[in-house]
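Visitor: Quick one: structure below, then a few questions.
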Amino acid sequence: MLDYVERLFTDWSEIHGDRSFGDDAAIICGMARFHGERFWWSDPEGADMKQRVYRNFGTPHPEGYARHCG
């Protein structure tokens, strides 16, 4: 996902939760611009096994749902 963000979009701003309990890295989300239009992007990341393990194979922990769904 981050490879696409770097190549296609401008003004990428990753959004994180409040981090008071935990910051879940399973899903990356943020806002960007594509041809001047602003939009929200949320997607799992993991180009190799090390990244997939770090990002829990795209499966959020309970604190991750507050970040992405709240």
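Convention: chains lettered A, B, ... in structure tokens order; per-chain residue numbering from 1; ligands numbered from 1 as shown.
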Hey, what's within 8 Å of stretch 25-39 of chain A if we count only C-alpha atoms and toss same-chain stuff fewer than 4 positions away? As a list in words, please?
Guide: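 Answer for this query is Leu8, Phe9, Thr10, Asp11, Trp12, Ser13, Glu14, Ile15, His16, Asp43, Pro44, Glu45, Tyr54, Arg55, Asn56, Phe57, Gly58, Thr59, Pro60, His61, Gly64 and His68 of chain A.
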Visitor: Would you mind exporting the chosen residues as an mmCIF file, in the first residue's frame, restricted to N, CA and C atoms?
Guide:
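See selection.cif below for the written result:
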```
data_model
loop_
_atom_site.group_PDB
_atom_site.id
_atom_site.type_symbol
_atom_site.label_atom_id
_atom_site.label_comp_id
_atom_site.auth_asym_id
_atom_site.auth_seq_id
_atom_site.Cartn_x
_atom_site.Cartn_y
_atom_site.Cartn_z
ATOM 1 N N LEU A 8 1.639 7.520 -6.382
ATOM 2 C CA LEU A 8 0.433 8.049 -7.008
ATOM 3 C C LEU A 8 -0.145 9.299 -6.368
ATOM 4 N N PHE A 9 0.077 9.470 -5.068
ATOM 5 C CA PHE A 9 -0.663 10.497 -4.343
ATOM 6 C C PHE A 9 0.237 11.602 -3.820
ATOM 7 N N THR A 10 -0.362 12.740 -3.562
ATOM 8 C CA THR A 10 0.339 13.853 -2.929
ATOM 9 C C THR A 10 -0.337 14.166 -1.602
ATOM 10 N N ASP A 11 0.351 14.892 -0.773
ATOM 11 C CA ASP A 11 -0.166 15.354 0.520
ATOM 12 C C ASP A 11 -0.633 14.208 1.412
ATOM 13 N N TRP A 12 0.090 13.082 1.414
ATOM 14 C CA TRP A 12 -0.275 11.942 2.271
ATOM 15 C C TRP A 12 -0.076 12.320 3.723
ATOM 16 N N SER A 13 -1.079 12.089 4.521
ATOM 17 C CA SER A 13 -1.027 12.348 5.954
ATOM 18 C C SER A 13 -1.601 11.139 6.677
ATOM 19 N N GLU A 14 -0.710 10.350 7.302
ATOM 20 C CA GLU A 14 -1.163 9.161 8.009
ATOM 21 C C GLU A 14 -1.842 9.562 9.310
ATOM 22 N N ILE A 15 -2.912 8.871 9.627
ATOM 23 C CA ILE A 15 -3.707 9.177 10.816
ATOM 24 C C ILE A 15 -3.523 8.048 11.825
ATOM 25 N N HIS A 16 -3.338 8.421 13.074
ATOM 26 C CA HIS A 16 -3.180 7.447 14.159
ATOM 27 C C HIS A 16 -4.269 7.670 15.192
ATOM 28 N N ASP A 43 -5.873 0.632 4.360
ATOM 29 C CA ASP A 43 -5.514 -0.619 3.725
ATOM 30 C C ASP A 43 -4.478 -1.355 4.576
ATOM 31 N N PRO A 44 -4.483 -2.673 4.531
ATOM 32 C CA PRO A 44 -3.406 -3.402 5.213
ATOM 33 C C PRO A 44 -2.099 -3.251 4.457
ATOM 34 N N GLU A 45 -1.015 -3.409 5.126
ATOM 35 C CA GLU A 45 0.314 -3.274 4.533
ATOM 36 C C GLU A 45 1.117 -4.503 4.895
ATOM 37 N N TYR A 54 4.838 -7.749 11.730
ATOM 38 C CA TYR A 54 4.735 -6.483 12.464
ATOM 39 C C TYR A 54 3.311 -5.932 12.401
ATOM 40 N N ARG A 55 2.669 -6.076 11.267
ATOM 41 C CA ARG A 55 1.317 -5.539 11.066
ATOM 42 C C ARG A 55 0.230 -6.568 11.361
ATOM 43 N N ASN A 56 0.595 -7.666 12.030
ATOM 44 C CA ASN A 56 -0.350 -8.688 12.467
ATOM 45 C C ASN A 56 -1.195 -9.211 11.299
ATOM 46 N N PHE A 57 -0.575 -9.342 10.133
ATOM 47 C CA PHE A 57 -1.219 -9.848 8.924
ATOM 48 C C PHE A 57 -2.497 -9.080 8.584
ATOM 49 N N GLY A 58 -2.531 -7.795 8.899
ATOM 50 C CA GLY A 58 -3.682 -6.947 8.571
ATOM 51 C C GLY A 58 -4.879 -7.114 9.483
ATOM 52 N N THR A 59 -4.707 -7.819 10.601
ATOM 53 C CA THR A 59 -5.811 -8.053 11.533
ATOM 54 C C THR A 59 -5.667 -7.138 12.742
ATOM 55 N N PRO A 60 -6.552 -6.168 12.903
ATOM 56 C CA PRO A 60 -6.430 -5.233 14.017
ATOM 57 C C PRO A 60 -6.664 -5.896 15.373
ATOM 58 N N HIS A 61 -5.986 -5.392 16.357
ATOM 59 C CA HIS A 61 -6.264 -5.719 17.754
ATOM 60 C C HIS A 61 -7.442 -4.852 18.189
ATOM 61 N N GLY A 64 -7.184 -1.193 17.663
ATOM 62 C CA GLY A 64 -7.167 -0.772 16.270
ATOM 63 C C GLY A 64 -8.547 -0.437 15.745
ATOM 64 N N HIS A 68 -9.770 2.970 13.571
ATOM 65 C CA HIS A 68 -10.236 2.940 12.190
ATOM 66 C C HIS A 68 -11.735 3.039 12.042
#
```
Visitor: Please report, as a PyMOL selection string, each residue of stretch 23-60 of chain A to which DSSP assigns strand (DSSP E) when run on this structure's backbone.
Guide: chain A and resi 27-34+37-44
Visitor: Could you go through stretch 2-67 of chain A and tell me which residues DSSP, when run on the backbone, assigns to alpha helix (DSSP H), listing them as a PyMOL selection string?
Guide: chain A and resi 2-8+49-54+62-67
Visitor: For the selection you just gave me, I'd like the residues written to a file as a PDB file, in the first residue's frame, keeping C-alpha atoms.
Guide:
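Output saved as out09.pdb:
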```
ATOM      1  CA  LEU A   2       2.705   2.501   0.908  1.00  0.00           C
ATOM      2  CA  ASP A   3       4.397   1.905  -2.455  1.00  0.00           C
ATOM      3  CA  TYR A   4       1.205   3.090  -4.193  1.00  0.00           C
ATOM      4  CA  VAL A   5       0.887   6.082  -1.878  1.00  0.00           C
ATOM      5  CA  GLU A   6       4.444   7.204  -2.655  1.00  0.00           C
ATOM      6  CA  ARG A   7       3.998   6.878  -6.419  1.00  0.00           C
ATOM      7  CA  LEU A   8       0.433   8.049  -7.008  1.00  0.00           C
ATOM      8  CA  MET A  49       7.091 -11.521   6.004  1.00  0.00           C
ATOM      9  CA  LYS A  50       8.755  -9.194   8.528  1.00  0.00           C
ATOM     10  CA  GLN A  51       6.242  -6.429   7.685  1.00  0.00           C
ATOM     11  CA  ARG A  52       3.304  -8.859   7.740  1.00  0.00           C
ATOM     12  CA  VAL A  53       4.233 -10.082  11.217  1.00  0.00           C
ATOM     13  CA  TYR A  54       4.735  -6.483  12.464  1.00  0.00           C
ATOM     14  CA  PRO A  62      -9.201  -4.260  19.760  1.00  0.00           C
ATOM     15  CA  GLU A  63      -7.477  -0.877  20.064  1.00  0.00           C
ATOM     16  CA  GLY A  64      -7.167  -0.772  16.270  1.00  0.00           C
ATOM     17  CA  TYR A  65     -10.933  -0.789  15.791  1.00  0.00           C
ATOM     18  CA  ALA A  66     -11.240   2.437  17.779  1.00  0.00           C
ATOM     19  CA  ARG A  67      -8.685   4.028  15.486  1.00  0.00           C
TER      20      ARG A  67
END
```
